[in-house]
Amino acid sequence: MTDQSVPAVFERVLPLLTPAPEHPDTSRGYLDLLGAQGEAPSGPIQSFWESSAGSALYDHAQSLARRVLPMWFGLPTRAHPPAGGRVLDIGCGPGNVTARMGSAVGPTGLAIGIDVSGAMLARAARTESTGNVGFIRADARELPFPDGTFDLVTSFAALQLIPDPHEVLAGMARVLAPAGWIAVMVPTPRGSLLHHAAKLVGERSGLEFFDAAEVAESLQDAGVGAVHTHRSGPVLWITARRTA
């Protein structure tokens with residue numbers, strides 16, 4: 001039984017957690033599973049995005065990009081979540097993508113956004129939380145859910161900022177239900193010279209860049225089959241389905 005002060009959405013989220021916190025902290029509107037610990041930012045870019053100013057800028061920039069360049073940011077049709085399904089959004093930032101997933105699954109479904117940034121999550125909780133959309137501060141490398149919990153697991157332009165991204169991909173595969181989908185979008189450089197230059201910049205900034213084969217191999221090693229990849233402008237889309 002949950003505390004009456006816990007927002008209604010977390011009455012649905014808490015039973016899914018392994019383990020559920022004995023005294024859930026939702027005082028900032030999101031469920032904080034890290035407390036004072038938390039992961040240090042991977043570099044100056046992530047550090048900026050985790051600030052209050054960065055979270056506001058990220059929100060506006062992402063909204064503008066989705067309006068101006070919808071072909072880069074639209075979820076692939078094959079990976080749309082089922083009505084009444086559960087969605088997990090990794091690196092959810094200000095929560096606008098998580099909220100879209102909540103609308104897609106409807107009131108009987110559930111959309112959960114995970115991030116390490118308190119500033120991002122506070123903004124998400126303030127503007128996007130509903131009865132079926134909630135946010136958790138947690139480490140994406142140690143997802144606090146049992147195997148096979150979600151029908152769709154997404155990550156939009158976030159994996160390149162998370163330390164040990166291949167651990168994150170393995171965790172995404174673990175919590176995916178049979179016949180469920182993973183949908184990942186990451187920036188990717190084109191061309192050999194640009195690719196090498198981006199790798200150098202990434203090492204100094206905390207960014208990591210990916211190629212299609214690298215991500216597909218990680219997901220297949222984690223037991224997810226039917227991996228599809230395609231490039232759209234400067235971004236790489238990866239979708240994969242768990243077949244068993």
# chains A, B, ... in the order shown; residues from 1 in each chain; ligands from 1
$ residues_around --residues "His228 in chain A" --least-positions-apart "5" --cutoff "8 Å" --atoms "only C-alpha atoms" --output "list in words"
Ala216, Ile238, Thr239 and Ala240 of chain A
$ residues_around --residues "Leu169 in chain A" --least-positions-apart "3" --cutoff "12 Å" --atoms "only C-alpha atoms" --output "ChimeraX atom specification"
/A:90,140-143,153-155,158-160,162-166,172-176,182-184,214-224,238-240
$ atom_distance --atom1 "CA of Gly102 in chain A" --atom2 "CA of Phe135 in chain A"
11.7 Å
$ atom_distance --atom1 "CA of Ala79 in chain A" --atom2 "CA of Leu236 in chain A"
15.0 Å
$ atom_distance --atom1 "CA of Trp237 in chain A" --atom2 "CA of Pro94 in chain A"
20.8 Å
$ select_by_dssp --residues "range 125-181 of chain A" --states "strand (DSSP E)" --output "number ranges by chain"
A: 133-137, 150-156, 176-181
$ residues_around --residues "range 105-121 of chain A" --least-positions-apart "2" --cutoff "8 Å" --atoms "only C-alpha atoms" --output "short mmCIF file (atom, residue, chain, number, x, y, z; two decimals) with N, CA, C and O atoms, in the first residue's frame"
data_model
loop_
_atom_site.label_atom_id
_atom_site.label_comp_id
_atom_site.auth_asym_id
_atom_site.auth_seq_id
_atom_site.Cartn_x
_atom_site.Cartn_y
_atom_site.Cartn_z
N TYR A 30 8.90 13.71 -9.12
CA TYR A 30 9.40 12.48 -9.74
C TYR A 30 9.86 11.54 -8.63
O TYR A 30 10.09 11.96 -7.50
N GLY A 38 23.81 9.47 -7.32
CA GLY A 38 23.74 9.93 -8.71
C GLY A 38 25.06 9.77 -9.43
O GLY A 38 26.12 9.73 -8.84
N GLU A 39 25.01 9.72 -10.73
CA GLU A 39 26.19 9.56 -11.57
C GLU A 39 26.73 10.93 -11.94
O GLU A 39 26.00 11.83 -12.29
N TRP A 49 23.44 20.14 -19.93
CA TRP A 49 22.05 19.70 -20.10
C TRP A 49 21.39 19.40 -18.76
O TRP A 49 20.18 19.51 -18.63
N GLU A 50 22.18 19.01 -17.75
CA GLU A 50 21.61 18.69 -16.46
C GLU A 50 21.32 19.91 -15.60
O GLU A 50 20.69 19.80 -14.56
N SER A 51 21.78 21.10 -16.04
CA SER A 51 21.49 22.32 -15.30
C SER A 51 20.09 22.81 -15.62
O SER A 51 19.46 22.38 -16.58
N SER A 52 19.58 23.75 -14.80
CA SER A 52 18.24 24.29 -15.05
C SER A 52 18.17 25.01 -16.39
O SER A 52 17.21 24.86 -17.15
N SER A 55 18.28 22.40 -19.21
CA SER A 55 17.03 21.65 -19.39
C SER A 55 15.99 22.48 -20.13
O SER A 55 15.26 21.97 -20.98
N PRO A 81 3.82 1.91 -29.88
CA PRO A 81 3.38 1.07 -28.76
C PRO A 81 1.92 0.68 -28.88
O PRO A 81 1.11 1.40 -29.46
N PRO A 82 1.55 -0.47 -28.32
CA PRO A 82 0.15 -0.89 -28.37
C PRO A 82 -0.70 -0.13 -27.36
O PRO A 82 -0.21 0.31 -26.32
N ALA A 83 -1.97 0.04 -27.66
CA ALA A 83 -2.89 0.64 -26.70
C ALA A 83 -2.90 -0.20 -25.43
O ALA A 83 -2.96 -1.44 -25.48
N GLY A 84 -2.81 0.46 -24.28
CA GLY A 84 -2.78 -0.24 -23.02
C GLY A 84 -1.42 -0.81 -22.65
O GLY A 84 -1.29 -1.47 -21.61
N GLY A 85 -0.40 -0.57 -23.48
CA GLY A 85 0.92 -1.12 -23.24
C GLY A 85 1.75 -0.29 -22.27
O GLY A 85 1.34 0.78 -21.82
N ARG A 86 2.94 -0.79 -21.97
CA ARG A 86 3.89 -0.09 -21.10
C ARG A 86 5.09 0.35 -21.93
O ARG A 86 5.64 -0.44 -22.71
N VAL A 87 5.51 1.61 -21.70
CA VAL A 87 6.65 2.17 -22.42
C VAL A 87 7.67 2.69 -21.41
O VAL A 87 7.29 3.33 -20.42
N LEU A 88 8.95 2.44 -21.68
CA LEU A 88 10.04 3.01 -20.88
C LEU A 88 10.87 3.89 -21.79
O LEU A 88 11.32 3.45 -22.85
N ASP A 89 11.09 5.15 -21.39
CA ASP A 89 11.84 6.13 -22.17
C ASP A 89 13.14 6.45 -21.43
O ASP A 89 13.13 7.08 -20.36
N ILE A 90 14.28 6.01 -21.99
CA ILE A 90 15.58 6.16 -21.35
C ILE A 90 16.19 7.51 -21.72
O ILE A 90 16.26 7.87 -22.88
N GLY A 91 16.68 8.25 -20.71
CA GLY A 91 17.23 9.58 -20.96
C GLY A 91 16.14 10.53 -21.40
O GLY A 91 16.27 11.25 -22.39
N CYS A 92 15.06 10.55 -20.63
CA CYS A 92 13.82 11.23 -21.06
C CYS A 92 13.93 12.74 -21.07
O CYS A 92 13.09 13.42 -21.67
N GLY A 93 14.94 13.32 -20.38
CA GLY A 93 15.07 14.77 -20.36
C GLY A 93 13.81 15.45 -19.84
O GLY A 93 13.24 15.04 -18.83
N PRO A 94 13.32 16.48 -20.55
CA PRO A 94 12.15 17.22 -20.07
C PRO A 94 10.82 16.49 -20.26
O PRO A 94 9.77 17.04 -19.96
N GLY A 95 10.85 15.27 -20.79
CA GLY A 95 9.67 14.42 -20.75
C GLY A 95 8.67 14.54 -21.86
O GLY A 95 7.64 13.87 -21.83
N THR A 98 8.24 11.16 -23.60
CA THR A 98 7.53 10.25 -22.69
C THR A 98 6.04 10.55 -22.69
O THR A 98 5.21 9.63 -22.71
N ALA A 99 5.70 11.83 -22.66
CA ALA A 99 4.29 12.22 -22.67
C ALA A 99 3.59 11.79 -23.96
O ALA A 99 2.42 11.35 -23.93
N MET A 101 4.36 9.19 -25.69
CA MET A 101 4.16 7.75 -25.55
C MET A 101 2.95 7.46 -24.64
O MET A 101 2.19 6.53 -24.89
N GLY A 102 2.79 8.27 -23.60
CA GLY A 102 1.63 8.12 -22.73
C GLY A 102 0.32 8.33 -23.48
O GLY A 102 -0.66 7.61 -23.27
N SER A 103 0.31 9.33 -24.36
CA SER A 103 -0.89 9.56 -25.18
C SER A 103 -1.14 8.39 -26.12
O SER A 103 -2.29 8.00 -26.36
N ARG A 123 11.44 19.52 -14.38
CA ARG A 123 10.70 20.17 -15.48
C ARG A 123 9.68 19.19 -16.08
O ARG A 123 8.54 19.55 -16.34
N ALA A 124 10.12 17.94 -16.28
CA ALA A 124 9.22 16.94 -16.84
C ALA A 124 8.02 16.70 -15.93
O ALA A 124 6.87 16.65 -16.38
N ALA A 125 8.29 16.55 -14.63
CA ALA A 125 7.20 16.29 -13.68
C ALA A 125 6.21 17.45 -13.64
O ALA A 125 5.00 17.26 -13.52
N GLY A 131 -1.87 10.88 -15.09
CA GLY A 131 -2.21 9.64 -14.43
C GLY A 131 -1.53 8.41 -15.00
O GLY A 131 -1.48 7.37 -14.36
N ASN A 132 -1.01 8.52 -16.25
CA ASN A 132 -0.32 7.36 -16.84
C ASN A 132 1.08 7.71 -17.34
O ASN A 132 1.69 6.94 -18.07
N VAL A 133 1.60 8.88 -16.94
CA VAL A 133 2.96 9.31 -17.31
C VAL A 133 3.69 9.72 -16.04
O VAL A 133 3.25 10.63 -15.32
N GLY A 134 4.78 9.04 -15.74
CA GLY A 134 5.55 9.35 -14.54
C GLY A 134 7.04 9.30 -14.82
O GLY A 134 7.48 8.70 -15.81
N PHE A 135 7.84 9.91 -13.92
CA PHE A 135 9.27 10.05 -14.14
C PHE A 135 10.06 9.55 -12.94
O PHE A 135 9.65 9.73 -11.79
N ILE A 136 11.21 8.92 -13.24
CA ILE A 136 12.05 8.32 -12.22
C ILE A 136 13.49 8.77 -12.40
O ILE A 136 14.01 8.77 -13.52
N ARG A 137 14.12 9.15 -11.30
CA ARG A 137 15.57 9.42 -11.32
C ARG A 137 16.27 8.12 -10.98
O ARG A 137 16.17 7.61 -9.87
N ALA A 138 16.97 7.57 -11.96
CA ALA A 138 17.61 6.26 -11.80
C ALA A 138 18.76 6.16 -12.78
O ALA A 138 18.89 6.94 -13.73
N ASP A 139 19.63 5.18 -12.55
CA ASP A 139 20.76 4.90 -13.41
C ASP A 139 20.30 4.00 -14.55
O ASP A 139 19.82 2.88 -14.31
N ALA A 140 20.46 4.46 -15.79
CA ALA A 140 20.00 3.69 -16.94
C ALA A 140 20.77 2.39 -17.12
O ALA A 140 20.30 1.48 -17.81
#
